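Asks: Shown below is the structure under consideration.
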Amino acid sequence: VDECGVVLSGRISSGGVDLPLITGVSDLNGEEGRRGLIKALEALRIFKEYGFSPAKQLSEIHIENEEIIFIWLDVGSVIRVGRKNLEERIRKLKSIYHLLEEKGSFPELVDLRFKHQVVVR
């Protein structure tokens with residue numbers, strides 16, 4: 001889908017499209033599917049707002065039980081954003097991102113779901 005939620009043709013290659021895959025949404029016509037898609041697009045908007053580039057950093061936004069999970073491009077790291085407070089949690093990611101990047105290899109897991117802490121594994 002594009003940033004407005006319009007389903008793009010399967011013929012569009014990923015080259016030049018600054019959008020990640022959105023997975024975990026099974027029925028776009030059902031209420032649960034629409035809620036998941038809206039939440040994924042909101043997370044994408046906030047992600048971009050904080051200066052991240054989906055084309056360079058984000059491979060996938062996965063929806064699982066209304067929880068947002070980012071899959072980092074190239075390394076496949078999992079970033080658990082959660083269900084609520086998306087902006088606060090993406091702000092936490094932004095605040096620690098330079099520290100994670102400085103280590104030379106991105107961690108396997110970054111969990112942003114806890115109040116006042118980030119779990120890195």
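The way I read the labels, and the way they are meant: chains A, B, ... in the order of the structure tokens, residue 1 as the first residue of every chain, and ligand 1 as the first ligand shown, with later ones counted on from there.
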Pick out the residues sitting within 9 Å of A:Phe114, and hand them over as a ChimeraX atom specification; count only C-alpha atoms, and ignore anything fewer than 4 positions along from it in its own chain.
Replies: /A:89,118-119
Asks: Contacts of stretch 92-105 of chain A at 12 Å or less, counting only C-alpha atoms, minus same-chain residues fewer than 5 places along, as a PyMOL selection string?
Replies: chain A and resi 46-53+57+70+72+74-77+79-81+85-87+110-121
Asks: Residues at most 7 Å from stretch 21-38 of chain A, counting only C-alpha atoms, excluding those fewer than 3 positions away in the same chain, as a PyMOL selection string?
Replies: chain A and resi 41-42+59-64+66
Asks: May I have the selected residues written with N, CA and C atoms, as an mmCIF file, in the first residue's frame?
Replies:
data_model
loop_
_atom_site.group_PDB
_atom_site.id
_atom_site.type_symbol
_atom_site.label_atom_id
_atom_site.label_comp_id
_atom_site.auth_asym_id
_atom_site.auth_seq_id
_atom_site.Cartn_x
_atom_site.Cartn_y
_atom_site.Cartn_z
ATOM 1 N N LEU A 41 0.306 2.424 8.932
ATOM 2 C CA LEU A 41 0.545 3.682 8.219
ATOM 3 C C LEU A 41 0.849 4.821 9.187
ATOM 4 N N GLU A 42 0.211 4.814 10.342
ATOM 5 C CA GLU A 42 0.506 5.823 11.369
ATOM 6 C C GLU A 42 1.937 5.661 11.870
ATOM 7 N N SER A 59 12.622 -2.525 6.434
ATOM 8 C CA SER A 59 12.264 -3.547 5.466
ATOM 9 C C SER A 59 10.771 -3.872 5.538
ATOM 10 N N GLU A 60 10.252 -3.919 6.764
ATOM 11 C CA GLU A 60 8.889 -4.428 6.954
ATOM 12 C C GLU A 60 8.258 -3.829 8.199
ATOM 13 N N ILE A 61 6.956 -3.587 8.117
ATOM 14 C CA ILE A 61 6.142 -3.288 9.293
ATOM 15 C C ILE A 61 5.196 -4.475 9.429
ATOM 16 N N HIS A 62 5.348 -5.209 10.521
ATOM 17 C CA HIS A 62 4.537 -6.395 10.741
ATOM 18 C C HIS A 62 3.502 -6.090 11.818
ATOM 19 N N ILE A 63 2.264 -6.505 11.571
ATOM 20 C CA ILE A 63 1.176 -6.336 12.540
ATOM 21 C C ILE A 63 0.872 -7.700 13.131
ATOM 22 N N GLU A 64 0.957 -7.787 14.452
ATOM 23 C CA GLU A 64 0.664 -9.053 15.122
ATOM 24 C C GLU A 64 -0.166 -8.752 16.366
ATOM 25 N N GLU A 66 -2.452 -6.546 16.704
ATOM 26 C CA GLU A 66 -2.485 -5.083 16.790
ATOM 27 C C GLU A 66 -1.188 -4.474 17.310
#
Asks: Would you return as a ChimeraX atom specification the members of stretch 31-63 of chain A that DSSP assigns to alpha helix (DSSP H) on this structure's backbone?
Replies: /A:31-49,54-57
Asks: Would you list, as a list of chain:residue names, the residues of chain A that end up in strand (DSSP E) under DSSP run on this structure's backbone?
Replies: A:Leu21, A:Ile22, A:Thr23, A:Leu58, A:Ser59, A:Glu60, A:Ile61, A:His62, A:Ile63, A:Glu64, A:Glu67, A:Ile68, A:Ile69, A:Phe70, A:Ile71, A:Trp72, A:Val78, A:Ile79, A:Arg80, A:Val81, A:Gly82, A:Leu109, A:Val110, A:Asp111, A:Val119, A:Val120
